[in-house]
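Chemist: If it helps, the file is called query.txt and holds compact mmCIF, C-alpha atoms and all ligand atoms:
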# COMPACT_ATOMS: atom_id res chain seq x y z
CA MET H 61 -21.36 30.51 20.86
CA LEU H 62 -22.14 28.24 17.91
CA SER H 63 -24.61 25.44 18.40
CA GLU H 64 -23.41 21.91 17.71
CA ALA H 65 -25.60 21.83 14.60
CA GLU H 66 -23.91 25.00 13.33
CA VAL H 67 -20.45 23.55 13.97
CA LEU H 68 -21.48 20.39 12.14
CA GLN H 69 -22.68 22.42 9.19
CA ARG H 70 -19.43 24.39 9.00
CA VAL H 71 -17.27 21.28 9.22
CA ARG H 72 -19.33 19.24 6.78
CA SER H 73 -18.96 21.90 4.12
CA LEU H 74 -15.13 21.87 4.25
CA LYS H 75 -13.27 19.99 1.56
CA ASP H 76 -10.95 17.12 2.35
CA PRO H 77 -7.50 18.36 1.27
CA GLU H 78 -6.57 15.09 -0.45
CA ILE H 79 -9.80 13.75 -1.86
CA GLY H 80 -11.30 17.09 -2.86
CA ARG H 81 -14.86 16.31 -1.77
CA THR H 82 -16.51 17.74 1.33
CA PHE H 83 -16.34 16.00 4.71
CA GLY H 84 -20.13 15.90 4.52
CA GLU H 85 -20.16 14.13 1.15
CA LEU H 86 -17.53 11.70 2.40
CA ASP H 87 -19.40 11.17 5.68
CA MET H 88 -16.22 11.81 7.64
CA VAL H 89 -17.63 13.90 10.51
CA LYS H 90 -18.38 11.37 13.23
CA ALA H 91 -19.01 13.61 16.25
CA VAL H 92 -19.31 17.25 17.26
CA GLN H 93 -19.52 18.36 20.86
CA THR H 94 -19.13 21.66 22.69
CA THR H 95 -18.02 21.77 26.29
CA GLY H 96 -17.85 25.32 27.62
CA SER H 97 -15.86 27.31 25.11
CA THR H 98 -14.14 24.27 23.60
CA VAL H 99 -15.38 22.56 20.46
CA HIS H 100 -14.56 18.87 19.90
CA VAL H 101 -14.77 17.37 16.42
CA THR H 102 -14.12 13.74 15.48
CA ILE H 103 -13.10 12.99 11.90
CA GLU H 104 -13.00 9.48 10.47
CA LEU H 105 -10.21 9.10 7.93
CA PRO H 106 -10.30 6.56 5.07
CA THR H 107 -6.88 5.24 6.19
CA PRO H 108 -4.70 5.63 9.28
CA ALA H 109 -1.90 6.39 6.82
CA TYR H 110 -3.50 9.71 5.87
CA PRO H 111 -0.78 12.25 4.98
CA GLY H 112 -0.66 15.62 6.74
CA LYS H 113 -3.65 15.30 9.07
CA HIS H 114 -2.75 18.68 10.60
CA ARG H 115 -4.14 20.35 7.45
CA ILE H 116 -7.56 19.02 8.43
CA SER H 117 -7.25 20.17 12.06
CA ASP H 118 -6.08 23.61 10.90
CA ALA H 119 -8.94 24.04 8.42
CA ILE H 120 -11.54 22.91 10.95
CA THR H 121 -10.13 25.17 13.67
CA ALA H 122 -10.15 28.17 11.34
CA ALA H 123 -13.69 27.48 10.09
CA VAL H 124 -15.15 26.97 13.57
CA LYS H 125 -13.41 30.00 15.06
CA GLU H 126 -14.31 32.36 12.24
CA GLY H 127 -16.33 35.25 13.69
CA GLN H 128 -16.65 33.35 16.99
CA PRO H 129 -14.50 35.01 19.67
CA ASP H 130 -16.25 32.84 22.32
CA VAL H 131 -14.64 29.67 20.96
CA THR H 132 -11.32 29.41 22.78
CA ALA H 133 -10.20 25.99 21.55
CA VAL H 134 -11.05 23.49 18.84
CA GLU H 135 -9.93 19.91 19.40
CA VAL H 136 -9.93 17.63 16.40
CA LYS H 137 -9.69 13.90 17.05
CA PHE H 138 -9.01 11.38 14.30
CA THR H 139 -10.27 7.84 13.92
CA SER H 140 -9.94 5.75 10.80
CA VAL H 141 -11.62 2.93 8.95
CA VAL H 142 -9.74 1.71 5.90
CA GLN H 143 -11.93 1.95 2.84
CA GLY H 144 -11.55 -0.65 0.13
CA LYS H 145 -13.03 -2.48 -2.82
CA MET H 146 -13.04 -5.90 -1.10
CA SER H 147 -12.76 -7.30 -4.60
CA GLY H 148 -11.49 -10.75 -3.60
CA GLY H 149 -14.92 -11.95 -2.44
CA ALA H 150 -15.32 -14.47 -5.25
CA ILE H 151 -12.13 -16.28 -4.20
CA GLY H 152 -12.72 -15.88 -0.46
CA LEU H 153 -9.99 -13.28 0.03
CA ARG H 154 -11.00 -10.79 2.73
CA ALA H 155 -8.57 -8.00 1.85
CA LYS H 156 -10.01 -4.53 1.43
CA ASN H 157 -7.26 -3.45 -0.96
CA VAL H 158 -4.81 -5.48 -3.00
CA ILE H 159 -1.75 -3.53 -4.12
CA ALA H 160 0.82 -4.88 -6.57
CA VAL H 161 4.40 -3.61 -6.53
CA GLY H 162 6.18 -3.99 -9.84
CA SER H 163 9.18 -2.80 -11.78
CA GLY H 164 10.40 -2.96 -15.35
CA LYS H 165 13.58 -4.80 -14.39
CA GLY H 166 15.29 -6.45 -11.45
CA GLY H 167 17.61 -4.83 -8.95
CA VAL H 168 15.84 -1.48 -8.60
CA GLY H 169 14.71 -2.26 -5.05
CA LYS H 170 11.19 -3.48 -5.80
CA SER H 171 11.21 -6.11 -3.03
CA THR H 172 12.73 -3.62 -0.60
CA VAL H 173 9.96 -1.12 -1.36
CA ALA H 174 7.21 -3.78 -1.26
CA THR H 175 8.42 -5.11 2.10
CA SER H 176 8.85 -1.61 3.51
CA LEU H 177 5.41 -0.63 2.28
CA ALA H 178 3.91 -3.60 4.11
CA TYR H 179 5.82 -2.86 7.33
CA GLY H 180 5.15 0.86 7.08
CA LEU H 181 1.39 0.46 6.68
CA LYS H 182 1.41 -1.96 9.59
CA THR H 183 3.43 0.51 11.68
CA LEU H 184 0.85 3.18 10.87
CA GLY H 185 -1.88 0.95 12.28
CA CYS H 186 -3.21 -1.09 9.35
CA LYS H 187 -3.78 -4.85 9.05
CA VAL H 188 -1.38 -5.96 6.35
CA GLY H 189 -0.39 -9.08 4.43
CA LEU H 190 2.66 -9.44 2.18
CA MET H 191 2.62 -11.93 -0.67
CA ASP H 192 5.92 -12.50 -2.40
CA ALA H 193 4.96 -13.45 -5.95
CA ASP H 194 8.46 -12.87 -7.29
CA VAL H 195 8.75 -16.55 -8.11
CA TYR H 196 12.03 -16.03 -9.99
CA GLY H 197 13.81 -14.46 -7.01
CA PRO H 198 11.70 -14.64 -3.86
CA SER H 199 13.66 -12.45 -1.46
CA VAL H 200 10.96 -11.47 1.04
CA PRO H 201 11.57 -14.32 3.56
CA HIS H 202 15.19 -13.23 3.74
CA MET H 203 14.36 -9.52 4.06
CA VAL H 204 11.90 -10.00 6.90
CA GLY H 205 14.24 -12.47 8.61
CA SER H 206 11.52 -15.00 9.28
CA VAL H 207 12.64 -18.21 10.90
CA ASP H 208 9.21 -19.86 10.85
CA ARG H 209 7.67 -21.68 7.91
CA PRO H 210 4.09 -21.64 6.73
CA THR H 211 2.06 -24.58 7.98
CA ALA H 212 -0.86 -26.41 6.45
CA ILE H 213 -4.00 -27.17 8.40
CA LYS H 214 -6.96 -29.23 7.34
CA VAL H 215 -10.34 -27.58 7.65
CA ARG H 216 -13.82 -28.75 6.77
CA THR H 217 -15.92 -26.59 4.48
CA GLU H 218 -19.64 -25.94 5.01
CA SER H 219 -20.39 -28.73 2.55
CA GLY H 220 -18.33 -31.17 4.65
CA GLU H 221 -15.40 -31.35 2.27
CA GLU H 222 -11.95 -31.47 3.88
CA ILE H 223 -9.50 -28.95 2.43
CA GLU H 224 -6.01 -27.83 3.23
CA ARG H 225 -5.37 -24.21 4.19
CA ILE H 226 -1.99 -22.46 4.33
CA GLN H 227 -1.17 -20.54 7.49
CA PRO H 228 1.01 -17.58 6.53
CA VAL H 229 4.09 -16.81 8.57
CA ASP H 230 3.50 -14.11 11.17
CA VAL H 231 6.42 -11.68 11.37
CA ASP H 232 5.73 -9.12 14.09
CA GLY H 233 2.04 -9.08 13.14
CA LEU H 234 2.70 -8.97 9.39
CA LYS H 235 1.30 -11.98 7.54
CA VAL H 236 3.80 -13.21 4.98
CA ILE H 237 3.74 -15.85 2.28
CA SER H 238 6.39 -16.46 -0.35
CA MET H 239 7.41 -19.04 -2.90
CA GLY H 240 10.75 -18.84 -1.11
CA TYR H 241 9.24 -20.82 1.77
CA PHE H 242 8.39 -23.72 -0.52
CA LEU H 243 11.55 -23.98 -2.62
CA LYS H 244 14.92 -25.27 -1.49
CA PRO H 245 17.51 -22.48 -1.74
CA ASP H 246 19.25 -24.08 -4.72
CA GLN H 247 16.12 -25.37 -6.41
CA ALA H 248 15.41 -23.95 -9.84
CA VAL H 249 11.87 -24.09 -11.12
CA ILE H 250 10.80 -23.42 -14.66
CA TRP H 251 7.58 -21.54 -14.36
CA ARG H 252 5.29 -22.21 -17.27
CA GLY H 253 2.14 -20.09 -17.53
CA PRO H 254 -0.39 -22.58 -16.10
CA LEU H 255 1.91 -23.54 -13.21
CA LEU H 256 2.46 -19.92 -12.32
CA HIS H 257 -1.26 -19.24 -12.51
CA ARG H 258 -1.98 -22.17 -10.18
CA ALA H 259 0.66 -21.14 -7.64
CA ILE H 260 -0.56 -17.54 -7.44
CA THR H 261 -4.20 -18.61 -7.28
CA GLN H 262 -3.39 -20.97 -4.43
CA PHE H 263 -1.53 -18.26 -2.53
CA LEU H 264 -4.52 -15.98 -2.78
CA LYS H 265 -7.32 -18.51 -2.28
CA ASP H 266 -5.94 -21.08 0.12
CA THR H 267 -3.99 -18.88 2.51
CA ASP H 268 -5.61 -17.89 5.78
CA TRP H 269 -4.98 -14.19 5.42
CA GLY H 270 -7.84 -13.26 7.73
CA ASP H 271 -9.21 -9.73 7.43
CA LEU H 272 -6.71 -7.37 5.86
CA ASP H 273 -6.76 -3.66 5.10
CA TYR H 274 -3.98 -4.04 2.53
CA LEU H 275 -2.47 -7.05 0.81
CA ILE H 276 0.83 -6.09 -0.80
CA ILE H 277 2.02 -8.28 -3.66
CA ASP H 278 5.68 -8.22 -4.70
CA LEU H 279 5.58 -9.06 -8.43
CA PRO H 280 8.43 -10.50 -10.46
CA PRO H 281 10.14 -7.80 -12.53
CA GLY H 282 9.02 -7.13 -16.06
CA THR H 283 6.73 -9.96 -17.01
CA GLY H 284 3.00 -9.62 -17.30
CA ASP H 285 2.00 -13.24 -16.55
CA ILE H 286 1.25 -12.81 -12.88
CA SER H 287 -0.34 -9.42 -13.36
CA LEU H 288 -2.72 -10.97 -15.86
CA THR H 289 -3.60 -13.76 -13.43
CA LEU H 290 -4.18 -11.20 -10.69
CA SER H 291 -6.39 -9.00 -12.80
CA GLN H 292 -8.44 -12.05 -13.80
CA LEU H 293 -8.88 -13.15 -10.19
CA LEU H 294 -9.67 -9.84 -8.51
CA GLY H 295 -9.93 -6.11 -8.97
CA LEU H 296 -6.66 -4.73 -7.71
CA ALA H 297 -6.61 -1.36 -5.97
CA GLY H 298 -3.67 -0.67 -8.24
CA ALA H 299 0.02 -1.02 -8.91
CA VAL H 300 3.03 0.82 -7.55
CA VAL H 301 5.91 1.02 -10.04
CA VAL H 302 9.41 1.19 -8.58
CA CYS H 303 12.30 2.55 -10.63
CA SER H 304 15.73 4.01 -10.10
CA PRO H 305 16.57 7.47 -11.44
CA GLN H 306 18.83 6.59 -14.38
CA GLN H 307 17.49 6.88 -17.89
CA VAL H 308 17.57 3.15 -18.71
CA ALA H 309 15.64 2.29 -15.57
CA LEU H 310 13.05 4.92 -16.42
CA LEU H 311 12.47 3.39 -19.84
CA ASP H 312 11.92 0.04 -18.16
CA ALA H 313 9.41 1.67 -15.81
CA ILE H 314 7.46 2.98 -18.79
CA LYS H 315 7.29 -0.58 -20.09
CA ALA H 316 5.98 -1.74 -16.70
CA ILE H 317 3.29 0.95 -16.76
CA SER H 318 2.30 -0.08 -20.26
CA MET H 319 2.06 -3.71 -19.11
CA PHE H 320 -0.25 -2.76 -16.21
CA ASN H 321 -2.36 -0.70 -18.59
CA GLN H 322 -2.73 -3.68 -20.88
CA VAL H 323 -4.00 -5.95 -18.11
CA LYS H 324 -6.26 -3.13 -16.83
CA ILE H 325 -4.57 -2.64 -13.47
CA PRO H 326 -4.75 1.02 -12.36
CA ILE H 327 -1.44 2.75 -11.71
CA LEU H 328 -1.25 4.16 -8.18
CA GLY H 329 2.02 5.90 -8.98
CA ILE H 330 5.77 5.73 -9.24
CA VAL H 331 8.41 5.46 -6.50
CA GLU H 332 11.96 6.57 -7.23
CA ASN H 333 14.38 4.35 -5.36
CA MET H 334 18.13 4.72 -4.92
CA SER H 335 18.13 8.44 -5.63
CA GLY H 336 21.40 10.14 -4.79
CA GLU H 337 24.81 10.85 -6.16
CA ILE H 338 25.39 7.55 -7.90
CA PHE H 339 22.26 7.23 -10.03
CA GLY H 340 21.05 10.83 -9.96
CA ARG H 341 17.82 12.19 -8.67
CA GLY H 342 14.43 13.42 -9.84
CA GLY H 343 14.18 11.46 -13.10
CA ALA H 344 11.18 9.46 -11.93
CA LYS H 345 9.36 12.55 -10.73
CA ALA H 346 9.79 14.22 -14.10
CA MET H 347 8.66 11.05 -15.83
CA ALA H 348 5.59 10.76 -13.58
CA GLU H 349 4.63 14.34 -14.43
CA GLU H 350 5.10 13.73 -18.12
CA LEU H 351 2.98 10.60 -18.01
CA ASN H 352 0.37 12.18 -15.74
CA VAL H 353 0.84 9.47 -13.14
CA PRO H 354 1.10 10.26 -9.39
CA PHE H 355 4.62 10.50 -7.97
CA LEU H 356 4.66 8.64 -4.66
CA GLY H 357 8.02 9.78 -3.34
CA GLU H 358 11.69 8.99 -3.40
CA LEU H 359 13.83 6.75 -1.27
CA PRO H 360 17.48 7.86 -1.19
CA ILE H 361 20.29 5.38 -1.67
CA ASP H 362 21.59 4.46 1.76
CA SER H 363 23.84 1.57 2.70
CA GLY H 364 21.74 1.15 5.86
CA ILE H 365 18.86 -0.09 3.67
CA ARG H 366 21.00 -2.77 2.03
CA ILE H 367 22.54 -3.81 5.35
CA ARG H 368 19.17 -4.11 7.08
CA GLY H 369 17.70 -5.94 4.08
CA ASP H 370 20.58 -8.42 4.01
CA ALA H 371 20.31 -8.96 7.75
CA GLY H 372 16.56 -9.64 7.62
CA ARG H 373 15.78 -6.50 9.58
CA ILE H 374 13.77 -4.37 7.17
CA SER H 375 11.32 -3.61 10.00
CA THR H 376 14.02 -1.56 11.75
CA LEU H 377 13.94 0.96 8.88
CA PHE H 378 10.94 2.32 10.78
CA SER H 379 12.73 2.89 14.05
CA GLU H 380 12.63 6.53 15.14
CA GLU H 381 16.28 7.40 14.53
CA ASN H 382 16.55 5.84 11.08
CA PRO H 383 17.06 8.36 8.24
CA SER H 384 15.02 6.25 5.79
CA ARG H 385 12.01 6.28 8.08
CA GLU H 386 10.63 9.62 6.95
CA PRO H 387 10.84 9.05 3.18
CA LEU H 388 9.38 5.58 3.65
CA VAL H 389 6.47 6.81 5.78
CA GLN H 390 5.75 9.42 3.14
CA ILE H 391 5.69 6.77 0.41
CA CYS H 392 3.34 4.59 2.50
CA GLU H 393 1.01 7.54 3.07
CA GLN H 394 1.01 8.48 -0.60
CA VAL H 395 0.19 4.91 -1.62
CA ALA H 396 -2.62 4.70 0.95
CA ILE H 397 -4.14 8.00 -0.10
CA GLN H 398 -3.97 7.11 -3.79
CA VAL H 399 -5.86 3.92 -3.00
CA ALA H 400 -8.49 5.92 -1.09
CA LYS H 401 -8.73 8.46 -3.90
CA GLN H 402 -9.33 5.76 -6.51
CA LEU H 403 -12.24 4.64 -4.43
CA LEU H 404 -13.71 7.91 -3.22
CA VAL H 405 -13.11 10.27 -6.09
CA ALA H 406 -13.72 7.65 -8.78
CA PRO H 407 -11.29 9.45 -11.06
CA LYS H 408 -10.54 8.69 -14.64
CA MET H 409 -7.51 6.43 -14.73
CA PRO H 410 -4.46 8.00 -16.29
CA THR H 411 -3.83 6.55 -19.71
CA LEU H 412 -0.62 6.78 -21.60
CA GLU H 413 -1.24 8.36 -24.94
CA ILE H 414 2.22 7.50 -26.22
CA LEU H 415 1.63 3.75 -25.85
P1 LIG R 501 14.52 -5.97 -6.75
O1 LIG R 501 13.39 -6.57 -5.98
O2 LIG R 501 14.09 -4.83 -7.62
O3 LIG R 501 15.33 -6.98 -7.52
P2 LIG R 501 15.81 -5.58 -4.17
O4 LIG R 501 14.75 -4.97 -3.35
O5 LIG R 501 16.09 -7.04 -3.98
O6 LIG R 501 15.54 -5.31 -5.72
O7 LIG R 501 17.11 -4.71 -3.99
C1 LIG R 501 18.33 -5.01 -4.64
C2 LIG R 501 19.49 -4.66 -3.71
O8 LIG R 501 19.53 -3.24 -3.52
C3 LIG R 501 19.34 -5.24 -2.31
O9 LIG R 501 20.61 -5.59 -1.85
C4 LIG R 501 18.78 -4.10 -1.48
O10 LIG R 501 19.12 -4.19 -0.11
C5 LIG R 501 19.44 -2.90 -2.13
N1 LIG R 501 18.65 -1.66 -2.02
C6 LIG R 501 17.37 -1.46 -2.36
N2 LIG R 501 17.00 -0.16 -2.16
C7 LIG R 501 18.10 0.47 -1.69
C8 LIG R 501 18.39 1.83 -1.28
N3 LIG R 501 17.47 2.81 -1.34
N4 LIG R 501 19.64 2.11 -0.82
C9 LIG R 501 20.59 1.13 -0.75
N5 LIG R 501 20.39 -0.15 -1.12
C10 LIG R 501 19.16 -0.47 -1.59
How would this structure read if it were set down as structure tokens?

Modeler:
Amino acid sequence: MLSEAEVLQRVRSLKDPEIGRTFGELDMVKAVQTTGSTVHVTIELPTPAYPGKHRISDAITAAVKEGQPDVTAVEVKFTSVVQGKMSGGAIGLRAKNVIAVGSGKGGVGKSTVATSLAYGLKTLGCKVGLMDADVYGPSVPHMVGSVDRPTAIKVRTESGEEIERIQPVDVDGLKVISMGYFLKPDQAVIWRGPLLHRAITQFLKDTDWGDLDYLIIDLPPGTGDISLTLSQLLGLAGAVVVCSPQQVALLDAIKAISMFNQVKIPILGIVENMSGEIFGRGGAKAMAEELNVPFLGELPIDSGIRIRGDAGRISTLFSEENPSREPLVQICEQVAIQVAKQLLVAPKMPTLEIL
């Protein structure tokens, strides 16, 4: 029978299947214990949204059992602590990772994906905030079906100054803020640069987000103004680019990637939305490969998504029987693991040579 130290050594030398460094280097082995002929191993993941955990259990089981007929069972338990840059410190934002969701043009399902990403990560056990920065068409309040409004409370700072803080709306444990809560439905606002900058800064600085694992930001389509403000205020974990499979939409997505590159926001990857018979399928994946950018998954076109979005019930996309649940969970996991990889592998960011 292996000693616990020997088990530890074997497990520590295995490579994490996603991050490509050993469990030892990543300090992921939290406990090893043998009881009789059973070996128990506890692995701490960098996110609860880790894709395909069974690959880790399988590799550990094989490594521990190798040449050890006495070991009858290996039980691998998972815990997780979300890793993050915590880059909002200077503005008092306690979010480990800030993720922007953008697109080259409107109507490709960016808000649907951003809202689903927030719900999905929450469903998988993370603390999540959703900031709707799509000032030109703030649709998040409608999609989450929130009836409450944000409130303002006065708090006193350490220096005795009285300031106003925004309480985000809590929708089933998801903290939400949107320009849509502050505008009347028929009110048009012309957003000049400085005004936009102030509004976004206030959303980030003056909202009581609390401690978050992920803050998801739904950006307006196309423009770089808000992205520039964001990259000046904090170091984003990265951007998710949403596009639909047709050729024109793909060209717009390339523009969006170029815009993020210009404002130095890392690209986490591309999501293909609305794949299916109408718009085709696979275009975004091919484009991601060509551009050397991660492909985060595809969400098929399904009238159930539109109906649930319109009815303010996006959260129900994650109910067990829903056909969109699986592709959405996969997208959430891919986003979360890309964020972890950026942090733990410290890779070179993909650059677009054609731009
Ligand atoms: P954007 O934020 O890019 O403007 P939205 O998220 O508001 O786009 O989506 C536009 C419309 O398309 C909405 O009515 C939404 O419900 C619908 N929609 C988004 N994704 C899908 C999908 N995969 N299948 C069916 N309808 C979708």

Chemist: Mind checking which residues fall within 10 Å of region 62-69 of chain H, counting all atoms listed in the file, ignoring those fewer than 6 positions away in the same chain, and posting them as a compact mmCIF listing (two decimals) with C-alpha atoms, in the coordinates of the input?

Modeler:
# COMPACT_ATOMS: atom_id res chain seq x y z
CA GLY H 84 -20.13 15.90 4.52
CA VAL H 89 -17.63 13.90 10.51
CA LYS H 90 -18.38 11.37 13.23
CA ALA H 91 -19.01 13.61 16.25
CA VAL H 92 -19.31 17.25 17.26
CA GLN H 93 -19.52 18.36 20.86
CA THR H 94 -19.13 21.66 22.69
CA SER H 97 -15.86 27.31 25.11
CA VAL H 99 -15.38 22.56 20.46
CA HIS H 100 -14.56 18.87 19.90
CA VAL H 101 -14.77 17.37 16.42
CA ILE H 120 -11.54 22.91 10.95
CA ALA H 123 -13.69 27.48 10.09
CA VAL H 124 -15.15 26.97 13.57
CA LYS H 125 -13.41 30.00 15.06
CA GLN H 128 -16.65 33.35 16.99
CA ASP H 130 -16.25 32.84 22.32
CA VAL H 131 -14.64 29.67 20.96

Chemist: Given a cut-off of 10 Å, what residues near ligand LIG 501 (chain R) show up using only C-alpha atoms and all ligand atoms, put as a JSON list (two decimals) with C-alpha atoms, in the coordinates of the input?

Modeler:
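New file out.json:
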[["chain", "number", "residue", "atom", "x", "y", "z"],
["H", 161, "VAL", "CA", 4.40, -3.61, -6.53],
["H", 162, "GLY", "CA", 6.18, -3.99, -9.84],
["H", 163, "SER", "CA", 9.18, -2.80, -11.78],
["H", 164, "GLY", "CA", 10.40, -2.96, -15.35],
["H", 165, "LYS", "CA", 13.58, -4.80, -14.39],
["H", 166, "GLY", "CA", 15.29, -6.45, -11.45],
["H", 167, "GLY", "CA", 17.61, -4.83, -8.95],
["H", 168, "VAL", "CA", 15.84, -1.48, -8.60],
["H", 169, "GLY", "CA", 14.71, -2.26, -5.05],
["H", 170, "LYS", "CA", 11.19, -3.48, -5.80],
["H", 171, "SER", "CA", 11.21, -6.11, -3.03],
["H", 172, "THR", "CA", 12.73, -3.62, -0.60],
["H", 173, "VAL", "CA", 9.96, -1.12, -1.36],
["H", 174, "ALA", "CA", 7.21, -3.78, -1.26],
["H", 175, "THR", "CA", 8.42, -5.11, 2.10],
["H", 176, "SER", "CA", 8.85, -1.61, 3.51],
["H", 194, "ASP", "CA", 8.46, -12.87, -7.29],
["H", 196, "TYR", "CA", 12.03, -16.03, -9.99],
["H", 197, "GLY", "CA", 13.81, -14.46, -7.01],
["H", 198, "PRO", "CA", 11.70, -14.64, -3.86],
["H", 199, "SER", "CA", 13.66, -12.45, -1.46],
["H", 200, "VAL", "CA", 10.96, -11.47, 1.04],
["H", 202, "HIS", "CA", 15.19, -13.23, 3.74],
["H", 203, "MET", "CA", 14.36, -9.52, 4.06],
["H", 278, "ASP", "CA", 5.68, -8.22, -4.70],
["H", 279, "LEU", "CA", 5.58, -9.06, -8.43],
["H", 280, "PRO", "CA", 8.43, -10.50, -10.46],
["H", 281, "PRO", "CA", 10.14, -7.80, -12.53],
["H", 302, "VAL", "CA", 9.41, 1.19, -8.58],
["H", 303, "CYS", "CA", 12.30, 2.55, -10.63],
["H", 304, "SER", "CA", 15.73, 4.01, -10.10],
["H", 332, "GLU", "CA", 11.96, 6.57, -7.23],
["H", 333, "ASN", "CA", 14.38, 4.35, -5.36],
["H", 334, "MET", "CA", 18.13, 4.72, -4.92],
["H", 335, "SER", "CA", 18.13, 8.44, -5.63],
["H", 336, "GLY", "CA", 21.40, 10.14, -4.79],
["H", 358, "GLU", "CA", 11.69, 8.99, -3.40],
["H", 359, "LEU", "CA", 13.83, 6.75, -1.27],
["H", 360, "PRO", "CA", 17.48, 7.86, -1.19],
["H", 361, "ILE", "CA", 20.29, 5.38, -1.67],
["H", 362, "ASP", "CA", 21.59, 4.46, 1.76],
["H", 363, "SER", "CA", 23.84, 1.57, 2.70],
["H", 364, "GLY", "CA", 21.74, 1.15, 5.86],
["H", 365, "ILE", "CA", 18.86, -0.09, 3.67],
["H", 366, "ARG", "CA", 21.00, -2.77, 2.03],
["H", 367, "ILE", "CA", 22.54, -3.81, 5.35],
["H", 368, "ARG", "CA", 19.17, -4.11, 7.08],
["H", 369, "GLY", "CA", 17.70, -5.94, 4.08],
["H", 370, "ASP", "CA", 20.58, -8.42, 4.01],
["H", 371, "ALA", "CA", 20.31, -8.96, 7.75],
["H", 372, "GLY", "CA", 16.56, -9.64, 7.62],
["H", 374, "ILE", "CA", 13.77, -4.37, 7.17],
["H", 384, "SER", "CA", 15.02, 6.25, 5.79],
["H", 388, "LEU", "CA", 9.38, 5.58, 3.65]]

Chemist: What are the closest atom pairs, with distances in Å to one decimal, for all residues of region 145-185 of chain H lying within 10 Å of region 394-400 of chain H? Consider all atoms listed in the file, order rows by chain and residue number, and present the result as a Markdown table.

Modeler:
| residue | atom | partner | partner_atom | distance |
| --- | --- | --- | --- | --- |
| H:Lys145 | CA | H:Val399 | CA | 9.6 |
| H:Asn157 | CA | H:Val399 | CA | 7.8 |
| H:Val158 | CA | H:Val399 | CA | 9.5 |
| H:Ile159 | CA | H:Val399 | CA | 8.6 |
| H:Leu177 | CA | H:Val395 | CA | 8.6 |
| H:Leu181 | CA | H:Ala396 | CA | 8.2 |

Chemist: Which of these, H:Leu351, H:Ala309, H:Leu294, H:Arg209, has the shortest distance to Ala150 (chain H) once you count all atoms listed in the file?

Modeler: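 Smallest distance to Ala150 (chain H) is found for H:Leu294.
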
Chemist: What does the structure give for the distance between CA of Lys113 (chain H) and CA of Ala155 (chain H), in Å to one decimal?

Modeler: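 Rounded to one decimal, the two atoms are 24.9 Å apart.
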
Chemist: Report as number ranges by chain all protein, DNA and RNA residues lying within 10 Å of region 224-236 of chain H, evaluated on all atoms listed in the file, omitting residues in the same chain fewer than 4 positions from it.

Modeler: H: 175, 178-179, 181-183, 186-192, 200-201, 204-216, 241, 262-270, 272, 275-276, 375

Chemist: Of the residues H:Leu293, H:Leu243, H:Ile250, H:Ile286, which is the one nearest to Gly152 (chain H), using only C-alpha atoms?

Modeler: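 For Gly152 (chain H), the nearest of the given residues is H:Leu293.
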
Chemist: List the spatial neighbours of region 106-108 of chain H as an MDAnalysis selection string - criterion: any atom at most 9 Å away, only C-alpha atoms, same-chain residues fewer than 2 positions off excluded.

Modeler: chainID H and resid 88 104 110:111 138:144 181 184:186 273 393 396:397 400
